[in-house]
Amino acid sequence: MAKDWWLYHGTGEGTDRRARLEAGLPPPWRDFTGVPDPGYAPAGCAGAAWERTWRRGEGYVPDEPEKDVVNTALHLRRPLLVTGKPGVGKSTLAYSIASDLNLGPVLHWPITSRTVLRDGLYLYDAIGRLQEAGLEQLRTPGMPPAAVPADPGAGVPAAPSISRYLRLGPLGTALLPQDRPRVLLVDEIDKSDIDLPGDLLTVFEDGGFLIPELARLAQEDPTVAIGTDDDPDAVARITQGRVQCRYFPVVVLTSNGERDFPPAFLRRCVRLHLEPPGPDKLARIVRRRLGVDIASGAEYQDLVRAFLDRGEDGDLATDQLLNAIQLRLAGAWSAPADRDRFLDTVMQHLTGPTA
C-alpha cells in the first residue's frame, strides 16, 4: 500500500506526483538560488533517449523499504548511495525513478579509475581552440588571434568563440537551474580514484560549480551559451562562468562495495543496500518484465529454483534468470537432456570459484 508521503511509487503514471515533487519545499539548507534560463528547454518525456529510460525503468520492482529510502532522499534532496552485489538492480533504480516521476532521460556518468570531477562537470577542447586560433592567425598575418576584428563586411573572420569548445558533462547538465530535477546516475563510484568522492562534496553542498575558462572572460563576455550532455546544440546560457542549480538533481550513486568511502561523503548521502531478490520478488520481476506468471508452468518454477540454488555457490544477476526464461519462451534449449548445459550457459557465476 502506498504511503501518503511517498513521491516515488515505482509503478509509473506519476504526473500528479511529479507536480507534488516540484511544489515541495526543500529543507532550508538545501534551498538553492539558480535562475532558470528561459531559452533552455531540458530533455523531456519524448524521443529516443526517453524511450530508453522508460523501457529500462518501468520493469523495476521496488520493495517497500526501497521506496521508503528513495523517498527520503527525494524529500531531503540528498544523493542516494545504492550498494549491493552486481546484478541486483542498482543502476536500474535510477531509471525507475526517472520513468515513475516523468523526469526525462537519465543522465549517465560511468566512473573509471581515471575519472576526475571535471569529466562530470564540463568538457573543454583546449587543443581544438588553439588549433583554430592558429588558423585564424595564418589567415590574418601579423595579427595575434585575440586581436582579429569581427568585421564580416571586411572579409575578416572573428576569433573563434570559446563556447564552441565547451560542453557540460552529465553532472554539469544535471545542475542547470530548473524547477524540476533531472536524474543523474553516477555508476560504480567505488571504481573511482580515491579523491573523487571528496571532490564531489563541495559540488553536492553548493549545488553548483564554476567554469574557470568562462570566469576569466566574464568582463568581456559575461554570458556564454554552451552545449549540454543531452545535446551539444541544446545550448544553455552560463553567466559569470557559474552553474547554480535551483532544484538539486536526483543523484543516484551505485557501488559494488569494492571500497569504503570517507565519513564526510557518507554523511551527505542517503544510503540504500539492495539484497538479492528472493522467490516472491523474482516472480514479480518476471511478471513485470516478461509477462510470465511463474506459477503457471513447472518449467518456469524449475528455472527459479535452479537460479536460487546456483546463487548459493556464487553471485548471479537477475537478468540471467530473465535470459533463461526468454530462451524457453523462444523454444530454445527445450530438450530435457540439455538442462544442465543450458543452466551452465545462461547462469554462469559472476563471483566464486567457478566464475
# chains A, B, ... in the order shown; residues from 1 in each chain; ligands from 1

call {"tool": "closest_atom_pairs", "arguments": {"of": "segment 10-119 of chain A", "to": "segment 261-270 of chain A", "cutoff": "8 Å", "atoms": "only C-alpha atoms", "output": "JSON lines"}}
result
{"residue": "A:Val69", "atom": "CA", "partner": "A:Val270", "partner_atom": "CA", "distance": 7.4}
{"residue": "A:Thr72", "atom": "CA", "partner": "A:Val270", "partner_atom": "CA", "distance": 7.6}
{"residue": "A:Ala73", "atom": "CA", "partner": "A:Val270", "partner_atom": "CA", "distance": 5.9}
{"residue": "A:Arg78", "atom": "CA", "partner": "A:Cys269", "partner_atom": "CA", "distance": 5.8}
{"residue": "A:Pro79", "atom": "CA", "partner": "A:Cys269", "partner_atom": "CA", "distance": 5.0}
{"residue": "A:Leu80", "atom": "CA", "partner": "A:Val270", "partner_atom": "CA", "distance": 4.9}
{"residue": "A:Leu81", "atom": "CA", "partner": "A:Val270", "partner_atom": "CA", "distance": 6.1}

call {"tool": "write_last_selection", "arguments": {"atoms": "N, CA, C and O atoms", "output": "tab-separated table (two decimals), in the first residue's frame"}}
result
chain	number	residue	atom	x	y	z
A	69	VAL	N	13.39	4.55	1.45
A	69	VAL	CA	14.69	5.20	1.38
A	69	VAL	C	14.76	6.16	0.19
A	69	VAL	O	15.28	7.27	0.31
A	72	THR	N	12.90	9.23	1.03
A	72	THR	CA	13.65	10.02	2.00
A	72	THR	C	14.67	10.90	1.28
A	72	THR	O	14.81	12.10	1.58
A	73	ALA	N	15.40	10.33	0.31
A	73	ALA	CA	16.37	11.11	-0.45
A	73	ALA	C	15.69	12.21	-1.26
A	73	ALA	O	16.22	13.33	-1.37
A	78	ARG	N	18.96	14.93	-1.19
A	78	ARG	CA	20.30	14.43	-0.96
A	78	ARG	C	20.62	13.33	-1.97
A	78	ARG	O	19.72	12.61	-2.44
A	79	PRO	N	21.91	13.13	-2.30
A	79	PRO	CA	22.28	12.00	-3.17
A	79	PRO	C	21.92	10.67	-2.51
A	79	PRO	O	21.95	10.54	-1.28
A	80	LEU	N	21.60	9.70	-3.34
A	80	LEU	CA	21.25	8.35	-2.89
A	80	LEU	C	22.39	7.41	-3.25
A	80	LEU	O	22.69	7.22	-4.43
A	81	LEU	N	23.04	6.85	-2.24
A	81	LEU	CA	24.15	5.91	-2.46
A	81	LEU	C	23.59	4.50	-2.35
A	81	LEU	O	23.15	4.07	-1.28

call {"tool": "closest_atom_pairs", "arguments": {"of": "segment 25-48 of chain A", "to": "segment 227-247 of chain A", "cutoff": "9 Å", "atoms": "only C-alpha atoms", "output": "tab-separated table"}}
result
residue	atom	partner	partner_atom	distance
A:Pro26	CA	A:Tyr247	CA	8.5
A:Arg30	CA	A:Tyr247	CA	8.7
A:Asp31	CA	A:Arg246	CA	7.6
A:Phe32	CA	A:Arg246	CA	5.0
A:Thr33	CA	A:Arg246	CA	5.3
A:Gly34	CA	A:Arg246	CA	4.4
A:Val35	CA	A:Arg246	CA	6.6
A:Pro36	CA	A:Arg246	CA	7.5
A:Asp37	CA	A:Arg237	CA	6.6
A:Gly39	CA	A:Ala236	CA	7.5
A:Tyr40	CA	A:Ala236	CA	5.5
A:Ala41	CA	A:Ala234	CA	7.6
A:Pro42	CA	A:Ala234	CA	8.0
A:Ala43	CA	A:Asp230	CA	7.0

call {"tool": "residues_around", "arguments": {"residues": "Thr115 of chain A", "least_positions_apart": "5", "cutoff": "10 Å", "atoms": "only C-alpha atoms", "output": "ChimeraX atom specification"}}
result
/A:109-110,120,189,191-193,195-196

call {"tool": "closest_residue", "arguments": {"among": "A:His349, A:Pro197, A:Pro38, A:Asp16", "to": "Pro177 of chain A", "atoms": "only C-alpha atoms"}}
result
A:Pro38

call {"tool": "closest_residue", "arguments": {"among": "A:Leu101, A:Leu272, A:Ile211, A:Leu25", "to": "Cys45 of chain A", "atoms": "only C-alpha atoms"}}
result
A:Leu101

call {"tool": "select_by_dssp", "arguments": {"residues": "segment 59-247 of chain A", "states": "strand (DSSP E or B)", "output": "number ranges by chain"}}
result
A: 80-84, 107-110, 122-124, 151, 156, 166-168, 183-187, 208-210, 223-227, 236-239, 242-244

call {"tool": "closest_residue", "arguments": {"among": "A:Pro62, A:Gly207, A:Gly14, A:Gly331", "to": "Glu299 of chain A", "atoms": "only C-alpha atoms"}}
result
A:Gly331

call {"tool": "atom_distance", "arguments": {"atom1": "atom CA of Ile294 of chain A", "atom2": "atom CA of Lys281 of chain A"}}
result
11.1 Å

call {"tool": "atom_distance", "arguments": {"atom1": "atom CA of Tyr165 of chain A", "atom2": "atom CA of Asp125 of chain A"}}
result
5.1 Å

call {"tool": "residues_around", "arguments": {"residues": "Gly59 of chain A", "least_positions_apart": "4", "cutoff": "9 Å", "atoms": "only C-alpha atoms", "output": "PyMOL selection string"}}
result
chain A and resi 10-11+54-55+92+96+285-286+288-290

call {"tool": "residues_around", "arguments": {"residues": "segment 255-257 of chain A", "least_positions_apart": "5", "cutoff": "6 Å", "atoms": "only C-alpha atoms", "output": "list in words"}}
result
Thr83, Gly84, Lys85, Glu188, Ile189 and Asp190 of chain A

call {"tool": "residues_around", "arguments": {"residues": "Arg328 of chain A", "least_positions_apart": "4", "cutoff": "10 Å", "atoms": "only C-alpha atoms", "output": "PyMOL selection string"}}
result
chain A and resi 299-300+303+322-324+332-334

call {"tool": "write_last_selection", "arguments": {"atoms": "N, CA, C and O atoms", "output": "mmCIF file, in the first residue's frame"}}
result
data_model
loop_
_atom_site.group_PDB
_atom_site.id
_atom_site.type_symbol
_atom_site.label_atom_id
_atom_site.label_comp_id
_atom_site.auth_asym_id
_atom_site.auth_seq_id
_atom_site.Cartn_x
_atom_site.Cartn_y
_atom_site.Cartn_z
ATOM 1 N N GLU A 299 8.123 -25.622 -15.663
ATOM 2 C CA GLU A 299 9.472 -25.354 -16.169
ATOM 3 C C GLU A 299 9.984 -23.992 -15.691
ATOM 4 O O GLU A 299 11.181 -23.820 -15.429
ATOM 5 N N TYR A 300 9.078 -23.017 -15.534
ATOM 6 C CA TYR A 300 9.495 -21.714 -15.021
ATOM 7 C C TYR A 300 9.851 -21.813 -13.535
ATOM 8 O O TYR A 300 10.820 -21.202 -13.069
ATOM 9 N N LEU A 303 13.272 -23.214 -13.249
ATOM 10 C CA LEU A 303 14.326 -22.253 -13.537
ATOM 11 C C LEU A 303 14.584 -21.335 -12.340
ATOM 12 O O LEU A 303 15.728 -21.005 -12.032
ATOM 13 N N LEU A 322 16.089 -13.885 -16.284
ATOM 14 C CA LEU A 322 15.243 -13.380 -17.364
ATOM 15 C C LEU A 322 15.700 -13.932 -18.712
ATOM 16 O O LEU A 322 14.866 -14.284 -19.572
ATOM 17 N N ASN A 323 17.011 -14.019 -18.921
ATOM 18 C CA ASN A 323 17.531 -14.586 -20.165
ATOM 19 C C ASN A 323 17.100 -16.042 -20.318
ATOM 20 O O ASN A 323 16.723 -16.486 -21.423
ATOM 21 N N ALA A 324 17.162 -16.796 -19.221
ATOM 22 C CA ALA A 324 16.793 -18.211 -19.275
ATOM 23 C C ALA A 324 15.325 -18.381 -19.640
ATOM 24 O O ALA A 324 14.965 -19.220 -20.487
ATOM 25 N N ALA A 332 14.020 -22.399 -27.182
ATOM 26 C CA ALA A 332 15.422 -22.824 -27.200
ATOM 27 C C ALA A 332 15.747 -23.683 -25.983
ATOM 28 O O ALA A 332 15.151 -23.526 -24.922
ATOM 29 N N TRP A 333 16.705 -24.577 -26.141
ATOM 30 C CA TRP A 333 17.185 -25.431 -25.048
ATOM 31 C C TRP A 333 16.028 -26.175 -24.355
ATOM 32 O O TRP A 333 15.998 -26.310 -23.144
ATOM 33 N N SER A 334 15.099 -26.637 -25.129
ATOM 34 C CA SER A 334 13.905 -27.240 -24.523
ATOM 35 C C SER A 334 14.042 -28.739 -24.275
ATOM 36 O O SER A 334 13.220 -29.321 -23.570
#

call {"tool": "closest_residue", "arguments": {"among": "A:Leu21, A:Leu274, A:Val203, A:Ala317", "to": "Leu76 of chain A", "atoms": "only C-alpha atoms"}}
result
A:Leu21

call {"tool": "select_by_dssp", "arguments": {"residues": "segment 150-340 of chain A", "states": "alpha helix (DSSP H)", "output": "JSON list (two decimals) with C-alpha atoms, in the first residue's frame"}}
result
[["chain", "number", "residue", "atom", "x", "y", "z"],
["A", 170, "PRO", "CA", 26.30, 14.82, -17.14],
["A", 171, "LEU", "CA", 26.78, 16.29, -13.65],
["A", 172, "GLY", "CA", 27.04, 19.81, -15.05],
["A", 173, "THR", "CA", 23.85, 19.34, -17.08],
["A", 174, "ALA", "CA", 22.01, 17.97, -14.04],
["A", 196, "LEU", "CA", 36.72, 11.76, -6.40],
["A", 197, "PRO", "CA", 34.23, 11.24, -3.52],
["A", 198, "GLY", "CA", 35.92, 14.04, -1.60],
["A", 199, "ASP", "CA", 35.93, 16.29, -4.66],
["A", 200, "LEU", "CA", 32.18, 15.80, -5.04],
["A", 201, "LEU", "CA", 31.46, 17.08, -1.53],
["A", 202, "THR", "CA", 31.66, 20.78, -2.39],
["A", 203, "VAL", "CA", 29.52, 20.36, -5.51],
["A", 204, "PHE", "CA", 26.88, 18.41, -3.57],
["A", 205, "GLU", "CA", 26.84, 21.01, -0.80],
["A", 206, "ASP", "CA", 26.85, 24.11, -3.03],
["A", 212, "PRO", "CA", 37.22, 28.86, -14.80],
["A", 213, "GLU", "CA", 37.59, 29.26, -18.58],
["A", 214, "LEU", "CA", 34.35, 31.30, -18.64],
["A", 215, "ALA", "CA", 35.00, 33.13, -15.38],
["A", 263, "PRO", "CA", 32.62, 9.61, 6.60],
["A", 264, "ALA", "CA", 32.20, 13.16, 5.28],
["A", 265, "PHE", "CA", 30.97, 11.72, 1.96],
["A", 266, "LEU", "CA", 28.66, 9.19, 3.60],
["A", 267, "ARG", "CA", 27.15, 11.89, 5.82],
["A", 279, "PRO", "CA", 11.44, -16.13, -4.81],
["A", 280, "ASP", "CA", 8.47, -13.76, -4.43],
["A", 281, "LYS", "CA", 10.30, -10.76, -5.82],
["A", 282, "LEU", "CA", 11.76, -12.81, -8.67],
["A", 283, "ALA", "CA", 8.23, -13.85, -9.61],
["A", 284, "ARG", "CA", 7.11, -10.20, -9.64],
["A", 285, "ILE", "CA", 10.13, -9.17, -11.73],
["A", 286, "VAL", "CA", 9.48, -11.90, -14.30],
["A", 287, "ARG", "CA", 5.81, -10.95, -14.48],
["A", 288, "ARG", "CA", 6.64, -7.26, -14.93],
["A", 289, "ARG", "CA", 9.44, -7.80, -17.45],
["A", 290, "LEU", "CA", 8.22, -10.75, -19.49],
["A", 298, "ALA", "CA", 6.55, -26.15, -13.85],
["A", 299, "GLU", "CA", 9.47, -25.35, -16.17],
["A", 300, "TYR", "CA", 9.49, -21.71, -15.02],
["A", 301, "GLN", "CA", 9.39, -22.77, -11.38],
["A", 302, "ASP", "CA", 12.28, -25.12, -12.08],
["A", 303, "LEU", "CA", 14.33, -22.25, -13.54],
["A", 304, "VAL", "CA", 13.69, -20.09, -10.47],
["A", 305, "ARG", "CA", 14.72, -22.93, -8.13],
["A", 306, "ALA", "CA", 17.86, -23.53, -10.21],
["A", 307, "PHE", "CA", 18.69, -19.81, -10.12],
["A", 308, "LEU", "CA", 18.35, -19.67, -6.33],
["A", 309, "ASP", "CA", 20.31, -22.91, -5.81],
["A", 310, "ARG", "CA", 23.15, -21.81, -8.04],
["A", 311, "GLY", "CA", 23.19, -18.43, -6.31],
["A", 318, "THR", "CA", 18.63, -11.21, -12.05],
["A", 319, "ASP", "CA", 18.83, -10.68, -15.79],
["A", 320, "GLN", "CA", 20.40, -14.14, -16.09],
["A", 321, "LEU", "CA", 17.09, -15.63, -14.93],
["A", 322, "LEU", "CA", 15.24, -13.38, -17.36],
["A", 323, "ASN", "CA", 17.53, -14.59, -20.16],
["A", 324, "ALA", "CA", 16.79, -18.21, -19.27],
["A", 325, "ILE", "CA", 13.03, -17.68, -19.31],
["A", 326, "GLN", "CA", 13.22, -15.70, -22.56],
["A", 327, "LEU", "CA", 15.07, -18.59, -24.21],
["A", 328, "ARG", "CA", 12.43, -21.04, -23.04],
["A", 329, "LEU", "CA", 9.70, -18.78, -24.41],
["A", 339, "ARG", "CA", 19.06, -28.86, -18.94],
["A", 340, "ASP", "CA", 22.47, -28.87, -17.23]]

call {"tool": "decode", "arguments": {"residues": "segment 43-67 of chain A", "atoms": "N, CA and C atoms", "output": "short mmCIF file (atom, residue, chain, number, x, y, z; two decimals), in the first residue's frame"}}
result
data_model
loop_
_atom_site.label_atom_id
_atom_site.label_comp_id
_atom_site.auth_asym_id
_atom_site.auth_seq_id
_atom_site.Cartn_x
_atom_site.Cartn_y
_atom_site.Cartn_z
N ALA A 43 15.76 18.11 -21.82
CA ALA A 43 15.16 16.96 -22.49
C ALA A 43 13.90 16.53 -21.75
N GLY A 44 12.84 16.29 -22.47
CA GLY A 44 11.56 15.93 -21.85
C GLY A 44 11.21 14.47 -22.06
N CYS A 45 9.95 14.17 -21.84
CA CYS A 45 9.47 12.79 -21.89
C CYS A 45 9.00 12.43 -23.30
N ALA A 46 9.91 12.53 -24.23
CA ALA A 46 9.65 12.17 -25.63
C ALA A 46 10.99 11.91 -26.30
N GLY A 47 10.95 11.15 -27.38
CA GLY A 47 12.17 10.89 -28.12
C GLY A 47 12.85 9.59 -27.73
N ALA A 48 13.92 9.29 -28.45
CA ALA A 48 14.61 8.00 -28.28
C ALA A 48 15.25 7.87 -26.90
N ALA A 49 15.85 8.95 -26.39
CA ALA A 49 16.51 8.88 -25.08
C ALA A 49 15.50 8.59 -23.97
N TRP A 50 14.34 9.24 -24.06
CA TRP A 50 13.30 8.97 -23.05
C TRP A 50 12.75 7.55 -23.19
N GLU A 51 12.62 7.09 -24.40
CA GLU A 51 12.12 5.72 -24.61
C GLU A 51 13.06 4.72 -23.96
N ARG A 52 14.37 4.92 -24.08
CA ARG A 52 15.33 4.01 -23.43
C ARG A 52 15.21 4.06 -21.91
N THR A 53 15.07 5.26 -21.38
CA THR A 53 14.90 5.40 -19.93
C THR A 53 13.63 4.71 -19.46
N TRP A 54 12.54 4.97 -20.16
CA TRP A 54 11.25 4.41 -19.74
C TRP A 54 11.26 2.88 -19.83
N ARG A 55 11.78 2.33 -20.91
CA ARG A 55 11.79 0.87 -21.06
C ARG A 55 12.62 0.20 -19.97
N ARG A 56 13.75 0.80 -19.62
CA ARG A 56 14.59 0.20 -18.58
C ARG A 56 13.98 0.37 -17.19
N GLY A 57 13.35 1.52 -16.95
CA GLY A 57 12.83 1.79 -15.62
C GLY A 57 11.50 1.17 -15.29
N GLU A 58 10.64 0.99 -16.30
CA GLU A 58 9.29 0.54 -15.99
C GLU A 58 9.23 -0.92 -15.53
N GLY A 59 10.28 -1.68 -15.76
CA GLY A 59 10.28 -3.08 -15.32
C GLY A 59 10.85 -3.30 -13.94
N TYR A 60 11.29 -2.22 -13.27
CA TYR A 60 11.90 -2.36 -11.95
C TYR A 60 10.80 -2.61 -10.91
N VAL A 61 11.09 -3.49 -9.95
CA VAL A 61 10.11 -3.85 -8.92
C VAL A 61 10.70 -3.52 -7.55
N PRO A 62 10.38 -2.34 -7.00
CA PRO A 62 10.93 -1.97 -5.69
C PRO A 62 10.09 -2.54 -4.55
N ASP A 63 10.76 -2.88 -3.45
CA ASP A 63 10.07 -3.27 -2.23
C ASP A 63 9.76 -2.03 -1.41
N GLU A 64 8.92 -2.21 -0.39
CA GLU A 64 8.54 -1.08 0.46
C GLU A 64 9.75 -0.42 1.13
N PRO A 65 10.70 -1.17 1.69
CA PRO A 65 11.86 -0.49 2.28
C PRO A 65 12.65 0.34 1.27
N GLU A 66 12.74 -0.13 0.03
CA GLU A 66 13.42 0.65 -1.01
C GLU A 66 12.69 1.95 -1.28
N LYS A 67 11.37 1.88 -1.35
CA LYS A 67 10.58 3.09 -1.60
C LYS A 67 10.75 4.09 -0.45
#
